file coords.txt (compact mmCIF, C-alpha atoms)
# COMPACT_ATOMS: atom_id res chain seq x y z
CA MET A 1 -34.87 12.73 -2.21
CA LEU A 2 -38.47 13.44 -3.24
CA LEU A 3 -39.22 16.95 -4.46
CA SER A 4 -41.60 19.05 -2.43
CA SER A 5 -45.35 18.74 -2.98
CA TYR A 6 -45.34 22.50 -3.56
CA LEU A 7 -43.93 21.78 -7.00
CA LEU A 8 -47.15 20.04 -7.94
CA LEU A 9 -49.17 23.03 -6.78
CA ALA A 10 -46.94 25.41 -8.71
CA LEU A 11 -47.31 23.37 -11.87
CA LEU A 12 -51.07 23.26 -11.52
CA CYS A 13 -51.10 27.04 -11.17
CA LEU A 14 -48.86 27.32 -14.21
CA LEU A 15 -51.25 25.20 -16.27
CA CYS A 16 -54.14 27.44 -15.28
CA ASN A 17 -52.16 30.61 -16.16
CA CYS A 18 -52.50 31.96 -12.63
CA VAL A 19 -48.87 32.13 -11.51
CA ALA A 20 -48.17 35.51 -9.92
CA THR A 21 -44.76 37.05 -9.31
CA ALA A 22 -43.39 40.38 -8.19
CA PHE A 23 -40.48 40.02 -10.59
CA CYS A 24 -40.59 42.41 -13.57
CA PRO A 25 -38.39 41.04 -16.37
CA SER A 26 -36.64 43.43 -18.69
CA TYR A 27 -35.05 42.44 -21.96
CA LEU A 28 -33.30 45.78 -22.43
CA MET A 29 -29.58 45.96 -21.79
CA PRO A 30 -29.05 47.54 -18.33
CA SER A 31 -26.96 50.70 -18.18
CA ARG A 32 -24.49 49.22 -15.71
CA PRO A 33 -21.31 48.32 -17.67
CA ARG A 34 -20.96 45.01 -15.82
CA LEU A 35 -23.80 43.61 -17.91
CA SER A 36 -22.80 45.16 -21.24
CA SER A 37 -19.07 45.76 -21.25
CA LEU A 38 -18.27 43.85 -24.47
CA SER A 39 -19.49 45.00 -27.87
CA MET A 40 -20.93 42.61 -30.44
CA ALA A 41 -17.94 43.14 -32.72
CA GLU A 42 -15.52 42.19 -29.95
CA GLY A 43 -17.53 39.09 -29.04
CA ASP A 44 -18.12 37.84 -32.56
CA HIS A 45 -15.88 34.76 -32.44
CA ILE A 46 -17.68 31.78 -33.94
CA SER A 47 -16.86 28.13 -33.37
CA SER A 48 -19.35 25.95 -35.19
CA LYS A 49 -22.78 27.27 -34.12
CA ILE A 50 -21.55 28.87 -30.88
CA ARG A 51 -20.73 32.56 -30.37
CA TYR A 52 -18.18 33.55 -27.76
CA LEU A 53 -19.26 36.66 -25.80
CA GLY A 54 -16.33 37.14 -23.47
CA SER A 55 -15.19 35.97 -20.06
CA GLY A 56 -14.71 37.41 -16.60
CA ASP A 57 -15.18 41.17 -16.40
CA ASP A 58 -15.50 41.37 -20.20
CA ALA A 59 -18.40 38.92 -20.51
CA ILE A 60 -21.76 40.01 -21.91
CA VAL A 61 -24.60 38.98 -19.61
CA ARG A 62 -28.07 39.35 -21.13
CA PRO A 63 -31.21 37.24 -21.62
CA GLY A 64 -30.57 34.35 -23.98
CA VAL A 65 -26.90 33.68 -23.20
CA VAL A 66 -25.42 30.63 -21.51
CA LEU A 67 -22.93 31.20 -18.69
CA VAL A 68 -20.32 28.44 -18.37
CA ALA A 69 -18.71 27.87 -14.98
CA PRO A 70 -14.91 27.78 -14.52
CA LYS A 71 -13.15 24.73 -13.13
CA HIS A 72 -12.60 26.48 -9.79
CA GLU A 73 -16.34 27.04 -9.10
CA TYR A 74 -17.21 24.99 -5.99
CA ASP A 75 -20.76 26.12 -5.24
CA HIS A 76 -22.98 23.03 -4.91
CA PHE A 77 -25.36 24.12 -7.67
CA LEU A 78 -22.94 26.03 -9.92
CA MET A 79 -20.04 23.58 -9.93
CA LYS A 80 -19.62 22.19 -13.48
CA SER A 81 -22.75 23.99 -14.63
CA ALA A 82 -24.06 25.78 -17.70
CA VAL A 83 -26.68 28.44 -16.85
CA PHE A 84 -29.17 29.77 -19.39
CA VAL A 85 -30.08 33.39 -18.55
CA TYR A 86 -33.80 33.87 -19.19
CA ALA A 87 -34.50 37.25 -17.54
CA ILE A 88 -32.88 40.40 -16.20
CA GLY A 89 -35.11 42.81 -14.30
CA LEU A 90 -36.28 44.26 -11.01
CA ASP A 91 -37.38 42.16 -8.04
CA GLU A 92 -39.96 43.10 -5.40
CA ASN A 93 -37.36 45.37 -3.75
CA GLN A 94 -36.62 47.14 -7.04
CA ASP A 95 -33.15 45.58 -7.13
CA MET A 96 -31.69 44.48 -10.46
CA VAL A 97 -31.44 40.68 -10.56
CA ILE A 98 -30.38 38.11 -13.13
CA ARG A 99 -32.28 34.82 -13.36
CA GLY A 100 -31.22 31.64 -15.11
CA VAL A 101 -31.63 27.88 -15.07
CA ILE A 102 -28.93 25.22 -14.94
CA ILE A 103 -29.43 23.25 -18.15
CA ASP A 104 -27.52 20.08 -17.28
CA HIS A 105 -28.80 19.05 -13.84
CA PRO A 106 -31.44 16.34 -14.50
CA THR A 107 -33.58 14.88 -11.74
CA ALA A 108 -34.77 11.28 -11.56
CA PHE A 109 -38.39 12.30 -12.24
CA THR A 110 -40.48 12.89 -15.33
CA ILE A 111 -42.83 15.85 -15.46
CA SER A 112 -45.90 13.57 -15.26
CA GLU A 113 -44.59 12.06 -12.01
CA MET A 114 -44.55 15.54 -10.53
CA SER A 115 -47.76 16.80 -12.16
CA PRO A 116 -50.39 14.36 -13.50
CA ASN A 117 -51.95 17.29 -15.39
CA VAL A 118 -49.08 17.15 -17.87
CA MET A 119 -50.18 14.34 -20.17
CA GLY A 120 -49.63 12.93 -23.61
CA SER A 121 -46.41 13.27 -25.57
CA LEU A 122 -44.76 15.56 -23.01
CA SER A 123 -45.50 13.35 -20.01
CA ASN A 124 -42.19 11.49 -20.20
CA ASN A 125 -40.01 14.59 -20.43
CA LEU A 126 -37.50 14.76 -17.59
CA MET A 127 -37.65 17.45 -14.95
CA PHE A 128 -34.39 19.42 -14.55
CA ARG A 129 -33.21 21.15 -11.39
CA GLY A 130 -32.83 24.78 -12.47
CA GLY A 131 -31.23 26.04 -9.24
CA ARG A 132 -31.66 26.82 -5.55
CA ASN A 133 -34.13 29.73 -5.77
CA GLY A 134 -37.80 29.84 -6.64
CA SER A 135 -39.71 28.42 -3.66
CA ASP A 136 -40.38 25.12 -5.46
CA SER A 137 -41.74 26.76 -8.61
CA ALA A 138 -41.57 25.24 -12.08
CA MET A 139 -41.23 26.60 -15.60
CA LEU A 140 -41.30 25.43 -19.20
CA LEU A 141 -38.80 26.51 -21.87
CA HIS A 142 -39.27 25.58 -25.52
CA SER A 143 -38.42 26.44 -29.13
CA ALA A 144 -41.95 26.17 -30.55
CA GLY A 145 -43.13 29.75 -29.99
CA GLY A 146 -43.11 32.88 -32.10
CA ALA A 147 -45.15 33.89 -35.13
CA ASP A 148 -44.33 30.67 -36.98
CA GLY A 149 -44.52 28.41 -33.93
CA HIS A 150 -47.35 26.20 -32.73
CA VAL A 151 -47.24 27.10 -29.02
CA LYS A 152 -49.05 30.19 -27.80
CA THR A 153 -47.04 32.06 -25.15
CA THR A 154 -47.55 35.45 -23.57
CA GLY A 155 -43.89 36.44 -23.75
CA GLU A 156 -41.44 37.25 -26.51
CA MET A 157 -38.39 35.26 -27.50
CA ILE A 158 -35.75 35.28 -24.76
CA GLY A 159 -33.08 37.51 -26.26
CA SER A 160 -32.08 36.09 -29.64
CA SER A 161 -31.93 32.50 -28.35
CA GLY A 162 -34.87 31.04 -30.25
CA ILE A 163 -36.31 29.98 -26.87
CA TYR A 164 -39.65 30.93 -25.28
CA GLU A 165 -41.18 30.49 -21.81
CA GLY A 166 -44.58 29.09 -20.83
CA GLY A 167 -47.66 27.94 -22.70
CA VAL A 168 -47.95 24.46 -21.13
CA VAL A 169 -51.47 23.65 -22.35
CA SER A 170 -50.67 24.83 -25.87
CA ALA A 171 -47.41 22.86 -25.75
CA MET A 172 -49.23 19.63 -24.88
CA GLU A 173 -51.68 20.20 -27.73
CA ALA A 174 -48.92 20.91 -30.25
CA ALA A 175 -46.86 17.88 -29.21
CA ASP A 176 -49.86 15.52 -29.27
CA ALA A 177 -50.85 16.79 -32.73
CA GLY A 178 -47.35 16.16 -34.05
CA LEU A 179 -46.81 19.87 -34.72
CA ALA A 180 -43.83 20.02 -32.37
CA SER A 181 -41.40 17.43 -31.04
CA PRO A 182 -41.20 16.65 -27.30
CA ASP A 183 -37.47 17.35 -27.66
CA GLN A 184 -38.32 21.03 -28.14
CA PHE A 185 -39.65 21.30 -24.56
CA LYS A 186 -37.86 21.24 -21.21
CA PHE A 187 -39.25 21.57 -17.67
CA PHE A 188 -37.25 23.14 -14.85
CA PHE A 189 -37.73 23.05 -11.08
CA ASN A 190 -36.53 26.31 -9.47
CA TYR A 191 -33.87 28.69 -10.86
CA MET A 192 -30.68 30.56 -9.99
CA GLN A 193 -30.87 34.24 -9.07
CA PHE A 194 -27.99 36.71 -8.82
CA ARG A 195 -27.74 40.35 -7.89
CA GLU A 196 -25.24 42.46 -9.81
CA ASN A 197 -22.69 42.49 -6.99
CA GLU A 198 -22.96 38.69 -6.65
CA LEU A 199 -22.36 38.29 -10.36
CA GLU A 200 -19.38 40.65 -10.23
CA ASP A 201 -17.79 38.64 -7.42
CA MET A 202 -18.51 35.38 -9.23
CA PHE A 203 -16.97 36.60 -12.50
CA GLN A 204 -13.65 37.76 -11.00
CA GLY A 205 -12.06 34.37 -11.71
CA VAL A 206 -8.69 32.97 -10.71
CA VAL A 207 -5.45 31.95 -12.41
CA ASP A 208 -5.07 28.19 -12.84
CA ASP A 209 -1.91 26.10 -12.41
CA ASP A 210 -0.89 26.78 -16.03
CA GLY A 211 -0.98 30.54 -15.45
CA LYS A 212 -4.15 30.96 -17.52
CA PRO A 213 -7.31 32.73 -16.29
CA ASP A 214 -10.09 30.41 -15.15
CA GLU A 215 -13.26 32.51 -15.41
CA TRP A 216 -16.96 32.33 -16.15
CA VAL A 217 -17.61 32.55 -19.89
CA SER A 218 -20.65 33.86 -21.78
CA LEU A 219 -21.82 32.10 -24.97
CA GLU A 220 -24.68 32.15 -27.43
CA VAL A 221 -25.63 28.58 -28.32
CA PRO A 222 -28.29 26.93 -30.52
CA PRO A 223 -31.62 26.32 -28.73
CA GLU A 224 -31.17 22.55 -28.86
CA PHE A 225 -28.11 22.89 -26.61
CA VAL A 226 -30.33 24.39 -23.91
CA LEU A 227 -33.37 22.16 -24.47
CA THR A 228 -31.83 18.72 -24.88
CA SER A 229 -32.75 16.32 -22.08
CA ASP A 230 -30.16 13.72 -23.06
CA LEU A 231 -27.68 14.95 -20.48
CA GLU A 232 -25.95 13.75 -17.37
CA ARG A 233 -25.08 16.29 -14.70
CA GLY A 234 -22.30 18.56 -15.95
CA GLU A 235 -22.28 17.03 -19.44
CA MET A 236 -23.18 20.21 -21.35
CA TRP A 237 -20.69 22.11 -19.18
CA SER A 238 -17.97 19.72 -20.34
CA LYS A 239 -18.94 20.06 -24.01
CA LEU A 240 -19.01 23.84 -23.84
CA ARG A 241 -15.69 24.00 -21.97
CA ASN A 242 -14.12 22.00 -24.81
CA THR A 243 -15.62 24.43 -27.33
CA ILE A 244 -14.27 27.41 -25.39
CA ARG A 245 -10.83 25.82 -25.43
CA GLU A 246 -11.04 25.44 -29.23
CA ILE A 247 -12.16 29.06 -29.67
CA ARG A 248 -9.25 30.36 -27.62
CA GLN A 249 -6.77 28.31 -29.65
CA ASP A 250 -7.95 29.83 -32.95

call {"tool": "encode", "arguments": {"input": "coords.txt", "output": "structure tokens"}}
result
Amino acid sequence: MLLSSYLLLALLCLLCNCVATAFCPSYLMPSRPRLSSLSMAEGDHISSKIRYLGSGDDAIVRPGVVLVAPKHEYDHFLMKSAVFVYAIGLDENQDMVIRGVIIDHPTAFTISEMSPNVMGSLSNNLMFRGGRNGSDSAMLLHSAGGADGHVKTTGEMIGSSGIYEGGVVSAMEAADAGLASPDQFKFFFNYMQFRENELEDMFQGVVDDDGKPDEWVSLEVPPEFVLTSDLERGEMWSKLRNTIREIRQD
């Protein structure tokens, strides 16, 4: 099914730095324990380059983490998904919301097919379906920002993930000049949004047939795990589930 023409308009606005939103992101840990119930010392289990930050009610949820769905999740978008949390803040109604993008739901379209204004080395990057919310908006995530990076962005690093948002024109220039690889950039169409009570319900989990809890899990992963485009739907979910299994066996 073809994506809405509104996506093209949103991307054009993004390129001109005139996207407006009532959402006010906050990268401070909220005071509600649901979003900060596990300390760093308790969550400091390392498997390879991945940090385990808890599951279910004990999971840390903050900008920069990846939330990995349990096997029992049957929501159309969230089933077999890995969700990168890029912002926590207040919406237009002053309600605390959590926003993230599904990192392993590729579409059949490149970014240039959806926006001819994205040209050069980035034009063949795939567009990923970030979620159900967003009114056909689009966003760019990348690992080429910061003081030592070659892409100028208005925001800070998302948590401690090594990932930044925005800067499309600067990204095209950096990629075309060979200062950054196209693999460092990923375009998303729409996003997932959760209120705290929705997240609490989602994270309650169930007990599987083996008598073990089947819950959402929070991880810190290297930026390339989030930004790789060489993925089929649910592929990163499967890889991270295997890693979680290894961590729990240690």

call {"tool": "closest_residue", "arguments": {"input": "coords.txt", "among": "A:Pro106, A:Gln204, A:Glu235, A:Val118", "to": "Asp176 of chain A", "atoms": "all atoms listed in the file"}}
result
A:Val118

call {"tool": "atom_distance", "arguments": {"input": "coords.txt", "atom1": "atom CA of Ser229 of chain A", "atom2": "atom CA of Leu126 of chain A"}}
result
6.7 Å

call {"tool": "atom_distance", "arguments": {"input": "coords.txt", "atom1": "atom CA of Gly155 of chain A", "atom2": "atom CA of Leu53 of chain A"}}
result
24.7 Å

call {"tool": "residues_around", "arguments": {"input": "coords.txt", "residues": "Glu198 of chain A", "least_positions_apart": "4", "cutoff": "10 Å", "atoms": "only C-alpha atoms", "output": "list in words"}}
result
Val97, Ile98, Gln193, Phe194, Met202 and Phe203 of chain A

call {"tool": "residues_around", "arguments": {"input": "coords.txt", "residues": "Ser55 of chain A", "least_positions_apart": "5", "cutoff": "10 Å", "atoms": "only C-alpha atoms", "output": "list in words"}}
result
Leu38, Gly43, Ile60, Val61, Leu67, Val68, Pro70, Phe203, Gln204, Gly205, Pro213, Asp214, Glu215, Trp216, Val217, Ser218 and Leu219 of chain A

call {"tool": "closest_residue", "arguments": {"input": "coords.txt", "among": "A:Asn190, A:Ser123, A:Ser160, A:Ser181", "to": "His105 of chain A", "atoms": "all atoms listed in the file"}}
result
A:Asn190

call {"tool": "residues_near_point", "arguments": {"input": "coords.txt", "point": "(-39.0, 18.2, -14.3)", "cutoff": "7 Å", "atoms": "all atoms listed in the file", "output": "PyMOL selection string"}}
result
chain A and resi 107+109-111+126-128+187-189

call {"tool": "write_last_selection", "arguments": {"input": "coords.txt", "atoms": "C-alpha atoms", "output": "PDB file, in the coordinates of the input"}}
result
ATOM      1  CA  THR A 107     -33.580  14.880 -11.740  1.00  0.00           C
ATOM      2  CA  PHE A 109     -38.390  12.300 -12.240  1.00  0.00           C
ATOM      3  CA  THR A 110     -40.480  12.890 -15.330  1.00  0.00           C
ATOM      4  CA  ILE A 111     -42.830  15.850 -15.460  1.00  0.00           C
ATOM      5  CA  LEU A 126     -37.500  14.760 -17.590  1.00  0.00           C
ATOM      6  CA  MET A 127     -37.650  17.450 -14.950  1.00  0.00           C
ATOM      7  CA  PHE A 128     -34.390  19.420 -14.550  1.00  0.00           C
ATOM      8  CA  PHE A 187     -39.250  21.570 -17.670  1.00  0.00           C
ATOM      9  CA  PHE A 188     -37.250  23.140 -14.850  1.00  0.00           C
ATOM     10  CA  PHE A 189     -37.730  23.050 -11.080  1.00  0.00           C
TER      11      PHE A 189
END

call {"tool": "atom_distance", "arguments": {"input": "coords.txt", "atom1": "atom CA of Pro182 of chain A", "atom2": "atom CA of Asn124 of chain A"}}
result
8.8 Å

call {"tool": "closest_residue", "arguments": {"input": "coords.txt", "among": "A:Leu231, A:Leu78, A:Val206, A:Ile50", "to": "Ala108 of chain A", "atoms": "only C-alpha atoms"}}
result
A:Leu231

call {"tool": "closest_residue", "arguments": {"input": "coords.txt", "among": "A:Met192, A:Ala171, A:Val85, A:Met157", "to": "Ser137 of chain A", "atoms": "only C-alpha atoms"}}
result
A:Met192

call {"tool": "axis_aligned_box", "arguments": {"input": "coords.txt", "around": "segment 147-163 of chain A", "padding_each_side": "4 Å", "output": "JSON"}}
result
{"center_x": -40.5, "center_y": 31.9, "center_z": -30.3, "size_x": 25.1, "size_y": 19.3, "size_z": 21.4}

call {"tool": "closest_residue", "arguments": {"input": "coords.txt", "among": "A:Glu200, A:Asp230, A:Asp75, A:Asp95", "to": "Ala59 of chain A", "atoms": "all atoms listed in the file"}}
result
A:Glu200

call {"tool": "closest_residue", "arguments": {"input": "coords.txt", "among": "A:Ser135, A:Ser161, A:Ser238, A:Ser170", "to": "Ser81 of chain A", "atoms": "all atoms listed in the file"}}
result
A:Ser238
